[in-house]
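A.B. asks: Below is the structure I would like to discuss, written out as structure tokens.
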Amino acid sequence: MLKRLVLCVFGLMLSGKGFAATLLCPLVLIQEQNTDTTQTDSTKILSLITISDIRYPAFFTGNKFEFINTKIIAQNNQNTLAQLLSDHSQLFIKSYGPSTLASPGFRGGNAYHTPVLWNGFNLQSSMNGQVDFSLIPGFLMEGLAVQYGSQAALFGSGAMGGTIHLQTQAPVQKGLKGEVMIGTASYQTYSSGIKLYYRTEKWQITQKLFVQNSLNNFEYKNIDLLQKSTGSNHINADQANTQRAINGSYETRAWIQELDFTPKQNHSLMLRSWVQNNLRNLPPALNIPDTSAQQIDKTRKISAEYKYKKQAYEINIRHGFFDDYLSYYDKNSGLSISKSQSNISYVDQFYRLAKYSFQLSLMNQFNSASNASYIGWVQQNRVAIFGSFKWLWLNQKLQQQISIRQEWVLGNTIPMMPAYGIEYQIHSKIKFSGNVSRSYRLPTFNDLYWAVYGNPLLLPESGWNEEISLSGKTAIANKLHLQANITLFNKNISNWIIWVPDAGGNVSPQNISKVWSRGSEAEWKINWNIQKWDFHAGGMHNLTLASNSASKSMNDSSVNKQLIYTPRIKHLFELGIGYKGFALSYYHNYTGIRFASTDNQSWLLPYQTAKICLAKFFRLKAHTIGFQLQVNNLYNETYQVMQNRPMPLRNYQISINYKF
Amino acid sequence: MHNKNKSQHQGILKSIFYTMLLVLASACDKAPKSSQVKPETADSLATGYFICNEGNFQWNNASMSFYNTAKKVLYEDVYKAINNKSLGDVLQSMVIYNNMMYAVLNNSGKIEMMNPKTFASSGTITGLRSPRYFLGINPNKAYVSDLYDNQIAVLDLQQKKVVGKIPCKGWTEEMLLVGSRVFVCNKTSEYLYIVNGISDQISDSIAIGFGSSCILTDAQNRIWILTSGSTSLSIPPQLYVINPQTLGIISSFNFPMLAKPLKLITNTNKTKLYWINNQVYSMNTDATQLPTSAWINTGNRNLYALGYHHANAEILVGDAKDFVQRSEILRYDTTGNLLGSYSAGINASSFLNR
């Protein structure tokens with residue numbers, strides 16, 4: 001068995017680009033279906049050996065929290081987090097094109113306000129405050145969860161718009177389990193991945209590899225889609241020339257290892273590593289000469305964790321080391337290299353009783369970074385203490401929670417971050433949730449230390465967030481399942497950092513904007529099982545109004561206008577049919593106007609994209625083979641998410657998975 | 001019990017229905033209204049001046065506006081309105097030379113040519129790396145300075161293409177033709193370069209502080225050069241006056257070390273200089289020292305464009321605000337009184353008299 005494992009891993013590492021073609025044998029897998037994790041109760045107390053990557057799940061009272069269905073993750077086994085979250089969550093992904101920068105927008109916030117957590121460690125860069133979602137392969141994740149709204153008391157700086165939890169979680173069955181995926185897609189894209197899990201009484205070993213290569217010469221229509229108040233732009237994509245992207249090729253190599261050791265029922269030790277290299281050529285924006293732009297991202301993430309549990313008490317001690325390297329080159333601006341490192345330590349303690357739960361944590365984070373625009377290596381140390389107390393009343397129908405965080409950055413005290421959450425089961429099928437919290441975001445190293453323009457006197461952004469939700473679910477005759485949820489949110493952030501021209505004519509970051517975001521999010525889901533047929537339908541709908549109320553200069557026309565690249569409206573629809581191992585799904589995405597100027601005098605019109613996914617699974621005892629065909633941009637829509645950055649026309653993906 | 005369940009289900013179905021109704025109500029995102037004042041006849045573009053709107057880097061939203069001073073009407077994005085295509089990315093500069101308009105699109109690496117009266121496109125010159133300014137040498141030849149190319153491009157205006165390159169290290173900027181000599185500013189050098197406009201070769205250079213950007217002549221045919229200085233070399237921004245015949249420095253003026261003077265222009269009879277240094281400054285060409293206070297204080301603004309409209313003797317000042325919204329153009333008379341203002345395109349950076 002071990003030999004098989006070694007051979008598979010070795011084969012994958014050797015094969016690189018040709019892997020998909022050479023291994024196009026019936027090795028395939030489709031994720032286990034119908035694990036409807038959306039029903040997982042966030043208040044469920046996890047047993048010690050079920051290791052979850054979601055931290056403090058018992059202390060999310062009143063926060064909207066959603067798992068992305070594992071079926072969706074399986075359908076996106078060749079895609080990155082960028083496509084996955086754009087089509088299946090309420091996030092707006094600012095995509096500059098396939099495999100080019102993709103950063104999230106969430107409840108009127110931006111990439112800085114959306115932490116991405118891996119084993120509870122925030123992956124946002126200390127230099128630019130972002131995570132590039134186009135760098136995270138969907139295949140590597142066993143699960144994905146989206147937490148809406150602020151969670152600054154638990155997750156610290158930046159947790160203002162929402163938080164993404166990456167889950168890497170081995171199956172609980174003993175023995176060797178695994179998954180092999182090979183796929184190909186339009187524009188000479190080849191993907192292959194393998195996941196192997198081996199579990200004994202005391203040990204759990206996971207090896208995951210993912211390799212992807214693409215020429216990425218996608219087709220698009222060369223058309224100017226910008227609309228202006230001073231001139232209507234008649235758009236007729238039919239008359240525009242179809243072109244192919246140049247200089248878009250990329251390759252991804254990723255390797256995740258996990259080792260868990262549980263010598264006794266109440267002790268466990270976990271080691272995790274994630275190594276990934278991406279080489280991307282960056283296609284130029286429309287009608288701009290190619291400058292051979294190329295970006296190399298290399299990341300090394302390592303974490304170690306020890307857990308001990310005795311009755312109601314549990315302690316987790318964990319440390320993460322993160323080493324990131326980014327080089328960028330283009331013919332005009334030359335080569336620039338950024339390096340950053342973070343060491344993050346946590347001590348989390350929990351005490352859980354039937355009616356009360358406590359959590360108390362300590363954090364120390366040391367970040368350092370270097371770049372030609374900094375003077376040497378810049379450093380920052382953060383220390384935080386935070387805790388939560390949750391209590392259940394009225395036969396557990398009423399849950400309430402208070403949390404508080406105190407953080408010090410380079411010895412400076414950050415204001416206290418309190419939060420209060422409530423959940424009340426109004427009725428057996430209807431639940432009310434509410435949350436009020438304070439949040440903050442520390443300036444990035446670029447904001448603080450960029451030569452000449454950086455502003456070391458910047459204050460953290462500071463905000464208050466409120467949300468209320470009503471959710472209901474019911475089943476009729478155990479055949480028709482209905483779920484619906486509606487949420488209203490409000491968020492006020494002051495000292496919002498933007499780069500503006502100062503009195504000396506330099507553009508530098510300042511604590512100027514006051515941003516008010518408010519809106520609503522609605523979701524519904526219907527499942528209907530009738531004999532061997534399974535139908536489902538669903539939708540997500542959001543309205544986000546986000547505006548800045550502070551004037552940056554005289555006669556500033558941006559005051560009280562919608563923030564740029566923040567769509568007011570996004571709708572997602574989903575329809576699916578399952579029958580005897582066949583599954584056909586249809587997804588529709590409507591994204592509203594994105595303003596391209598702060599005075600809202602120019603904009604990009606709404607776009608609609610759709611995709612269908614047809615899959616067939618063959619099951620034989622513990623083996624599953626699945627074939628999957630996906631058509632993206634079904635209606636061949638010409639659209640740009642960001643001005644002047646074309647998105648691909650209709651394109652195809654096929655993959656074969658084998659799971660055992 | 002059964003009935004109770006049924007009513008619960010109905011309640012939930014109802015709430016789903018209302019949720020969907022709410023969703024449908026917000027279903028489509030209405031676009032704001034667009035309206036354009038289109039130049040209908042050549043007359044629309046007969047009297048007035050052009051505004052060069054740089055736009056944003058990589059957004060392909062550069063535009064050219066025309067302000068008709070007789071009708072007091074602004075025509076926006078005239079190139080697109082007439083040619084039905086966008087101008088390009090980062091409109092660095094524009095010039096009318098020999099009855100042809102040349103718009104230098106920096107990040108598109110091209111020059112769009114058009115009829116200055118009708119704005120109809122008359123061709124495109126491509127193959128430029130990062131062009132900045134156009135200087136006509138004779139009806140057949142022009143030079144184009146460049147940010148990254150370390151060369152000045154030589155254009156054949158009849159063939160509409162690049163026919164040669166003049167090596168010149170660094171970021172070449174504004175240029176001036178005096179006789180057969182071309183004076184070339186260089187933003188990343190301590191020298192002003194002189195190119196022989198006949199042989200297309202650098203013939204000489206003059207040491208002048210650091211980082212020259214603007215160049216023009218005054219009524220006495222002296223050359224004025226504005227430099228940006230270098231904090232790392234401890235060289236302040238400076239104004240130089242040069243004799244174009246002897247190439248000797250007549251005088252020089254030092255700005256404070258951290259000043260950011262830009263956009264040097266003159267009035268019609270070339271006896272007065274204006275520039276932006278956070279606010280608008282003015283100085284007579286026979287002055288012996290720099291002004292100590294601003295000529296016009298515009299308040300908390302981000303001044304990015306300066307022009308002189310000769311026909312009406314107006315000083316035009318562009319406020320780029322946050323660089324991501326329409327600029328505000330302020331009009332002043334020669335005594336500094338505000339005459340009015342209007343909005344132009346994104347990042348208005350210069351003006352061109354008809």
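Here's how to read the names in the structure tokens: chain A, B, ... by the order shown, residue numbers from 1 in each chain, ligand numbers from 1 in the order shown.
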Neighbouring residues of region 174-183 of chain A were defined as those with any atom within 6 Å, considering only C-alpha atoms; residues of the same chain fewer than 4 positions away were excluded. Please report them as a VMD selection string.
C.D. replies: chain A and resid 20 28 to 29 190 to 200 654 to 660
A.B. asks: Please, could you write that set of residues out with N, CA and C atoms as a PDB file, in the first residue's frame?
C.D. replies:
ATOM      1  N   ALA A  20      -1.725  14.774 -17.509  1.00  0.00           N
ATOM      2  CA  ALA A  20      -3.146  14.604 -17.799  1.00  0.00           C
ATOM      3  C   ALA A  20      -3.329  13.674 -18.989  1.00  0.00           C
ATOM      4  N   VAL A  28     -10.318   8.050 -11.543  1.00  0.00           N
ATOM      5  CA  VAL A  28     -11.064   9.276 -11.364  1.00  0.00           C
ATOM      6  C   VAL A  28     -11.822   9.311 -10.069  1.00  0.00           C
ATOM      7  N   LEU A  29     -12.320  10.430  -9.762  1.00  0.00           N
ATOM      8  CA  LEU A  29     -13.093  10.491  -8.541  1.00  0.00           C
ATOM      9  C   LEU A  29     -14.052  11.652  -8.568  1.00  0.00           C
ATOM     10  N   TYR A 190      -4.328  21.832 -18.774  1.00  0.00           N
ATOM     11  CA  TYR A 190      -4.237  20.452 -18.289  1.00  0.00           C
ATOM     12  C   TYR A 190      -4.083  20.488 -16.774  1.00  0.00           C
ATOM     13  N   SER A 191      -4.913  19.710 -16.101  1.00  0.00           N
ATOM     14  CA  SER A 191      -4.851  19.690 -14.636  1.00  0.00           C
ATOM     15  C   SER A 191      -4.766  18.256 -14.178  1.00  0.00           C
ATOM     16  N   SER A 192      -4.032  18.033 -13.128  1.00  0.00           N
ATOM     17  CA  SER A 192      -4.044  16.715 -12.518  1.00  0.00           C
ATOM     18  C   SER A 192      -3.819  16.882 -11.033  1.00  0.00           C
ATOM     19  N   GLY A 193      -4.434  16.019 -10.290  1.00  0.00           N
ATOM     20  CA  GLY A 193      -4.310  16.133  -8.847  1.00  0.00           C
ATOM     21  C   GLY A 193      -4.473  14.784  -8.199  1.00  0.00           C
ATOM     22  N   ILE A 194      -3.872  14.644  -7.060  1.00  0.00           N
ATOM     23  CA  ILE A 194      -4.002  13.398  -6.317  1.00  0.00           C
ATOM     24  C   ILE A 194      -4.108  13.743  -4.837  1.00  0.00           C
ATOM     25  N   LYS A 195      -4.969  12.991  -4.159  1.00  0.00           N
ATOM     26  CA  LYS A 195      -5.085  13.144  -2.703  1.00  0.00           C
ATOM     27  C   LYS A 195      -5.012  11.749  -2.119  1.00  0.00           C
ATOM     28  N   LEU A 196      -4.137  11.547  -1.189  1.00  0.00           N
ATOM     29  CA  LEU A 196      -4.044  10.237  -0.530  1.00  0.00           C
ATOM     30  C   LEU A 196      -4.130  10.436   0.973  1.00  0.00           C
ATOM     31  N   TYR A 197      -4.962   9.624   1.585  1.00  0.00           N
ATOM     32  CA  TYR A 197      -5.139   9.718   3.033  1.00  0.00           C
ATOM     33  C   TYR A 197      -4.890   8.333   3.612  1.00  0.00           C
ATOM     34  N   TYR A 198      -4.111   8.256   4.638  1.00  0.00           N
ATOM     35  CA  TYR A 198      -3.897   6.958   5.267  1.00  0.00           C
ATOM     36  C   TYR A 198      -4.096   7.139   6.774  1.00  0.00           C
ATOM     37  N   ARG A 199      -5.036   6.387   7.315  1.00  0.00           N
ATOM     38  CA  ARG A 199      -5.349   6.568   8.738  1.00  0.00           C
ATOM     39  C   ARG A 199      -5.238   5.256   9.491  1.00  0.00           C
ATOM     40  N   THR A 200      -4.580   5.327  10.641  1.00  0.00           N
ATOM     41  CA  THR A 200      -4.582   4.192  11.570  1.00  0.00           C
ATOM     42  C   THR A 200      -5.200   4.690  12.869  1.00  0.00           C
ATOM     43  N   ILE A 654     -13.360  19.310 -19.083  1.00  0.00           N
ATOM     44  CA  ILE A 654     -13.765  17.932 -18.788  1.00  0.00           C
ATOM     45  C   ILE A 654     -12.796  17.356 -17.781  1.00  0.00           C
ATOM     46  N   SER A 655     -13.288  16.456 -16.966  1.00  0.00           N
ATOM     47  CA  SER A 655     -12.389  15.807 -16.019  1.00  0.00           C
ATOM     48  C   SER A 655     -12.913  14.428 -15.677  1.00  0.00           C
ATOM     49  N   ILE A 656     -11.992  13.590 -15.248  1.00  0.00           N
ATOM     50  CA  ILE A 656     -12.320  12.245 -14.798  1.00  0.00           C
ATOM     51  C   ILE A 656     -11.752  12.109 -13.385  1.00  0.00           C
ATOM     52  N   ASN A 657     -12.579  11.578 -12.511  1.00  0.00           N
ATOM     53  CA  ASN A 657     -12.130  11.419 -11.131  1.00  0.00           C
ATOM     54  C   ASN A 657     -12.300   9.976 -10.679  1.00  0.00           C
ATOM     55  N   TYR A 658     -11.380   9.552  -9.916  1.00  0.00           N
ATOM     56  CA  TYR A 658     -11.508   8.224  -9.309  1.00  0.00           C
ATOM     57  C   TYR A 658     -11.307   8.383  -7.817  1.00  0.00           C
ATOM     58  N   LYS A 659     -12.219   7.837  -7.061  1.00  0.00           N
ATOM     59  CA  LYS A 659     -12.129   7.962  -5.609  1.00  0.00           C
ATOM     60  C   LYS A 659     -12.293   6.586  -4.992  1.00  0.00           C
ATOM     61  N   PHE A 660     -11.466   6.324  -4.001  1.00  0.00           N
ATOM     62  CA  PHE A 660     -11.576   5.011  -3.341  1.00  0.00           C
ATOM     63  C   PHE A 660     -11.473   5.168  -1.842  1.00  0.00           C
TER      64      PHE A 660
END
A.B. asks: Taking only C-alpha atoms into account, produce a table as a tab-separated table in which each residue of chain B with an atom at most 6 Å from an atom of chain A appears once, together with its shortest atom pair and the distance in Å to one decimal, ordered by chain and rising number.
C.D. replies:
residue	atom	partner	partner_atom	distance
B:Asp29	CA	A:Gly592	CA	5.3
B:Ser34	CA	A:Ser229	CA	4.1
B:Ser35	CA	A:Thr230	CA	5.3
B:Gln36	CA	A:Gly231	CA	4.4
B:Trp59	CA	A:Asn644	CA	5.6
B:Ser108	CA	A:Ile288	CA	4.7
B:Tyr148	CA	A:Asn332	CA	5.9
B:Asn300	CA	A:Ser553	CA	5.4
B:Arg301	CA	A:Ser553	CA	5.6
B:Val324	CA	A:Ser597	CA	5.1
B:Gln325	CA	A:Ser597	CA	5.0
A.B. asks: What's the separation between CA of Gly345 (chain B) and CA of Gln92 (chain B), in Å to one decimal place?
C.D. replies: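 Atom-to-atom, CA of Gly345 (chain B) to CA of Gln92 (chain B), that is 13.6 Å.
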A.B. asks: What does the structure give for the distance between CA of Ser86 (chain A) and CA of Lys611 (chain A), in Å to one decimal?
C.D. replies: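 For CA of Ser86 (chain A) relative to CA of Lys611 (chain A), the distance reads 12.3 Å.
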A.B. asks: Could you tell me which of A:Met270, A:Ala159, A:Leu215, A:Leu480 comes closest to Ser437 (chain A) if we count only C-alpha atoms?
C.D. replies: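 Among the listed residues, the smallest separation from Ser437 (chain A) belongs to A:Ala159.
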A.B. asks: If you run DSSP on the backbone, which residues of region 505-633 of chain A are strand (DSSP E), as a ChimeraX atom specification?
C.D. replies: /A:507-530,533-548,569-579,582-591,594-595,602-604,607-620,623-632
A.B. asks: Could you pull the residues within 6 Å of Trp408 (chain A), counting only C-alpha atoms, minus those fewer than 4 positions along the same chain, as a PyMOL selection string?
C.D. replies: chain A and resi 382-383+412-414
A.B. asks: I'd like the neighbourhood of Phe618 (chain A) as a PyMOL selection string, where a residue qualifies if any of its atoms comes within 10 Å (using only C-alpha atoms), though same-chain residues fewer than 6 positions away should be ignored.
C.D. replies: chain A and resi 29-30+580-582+624-627+658
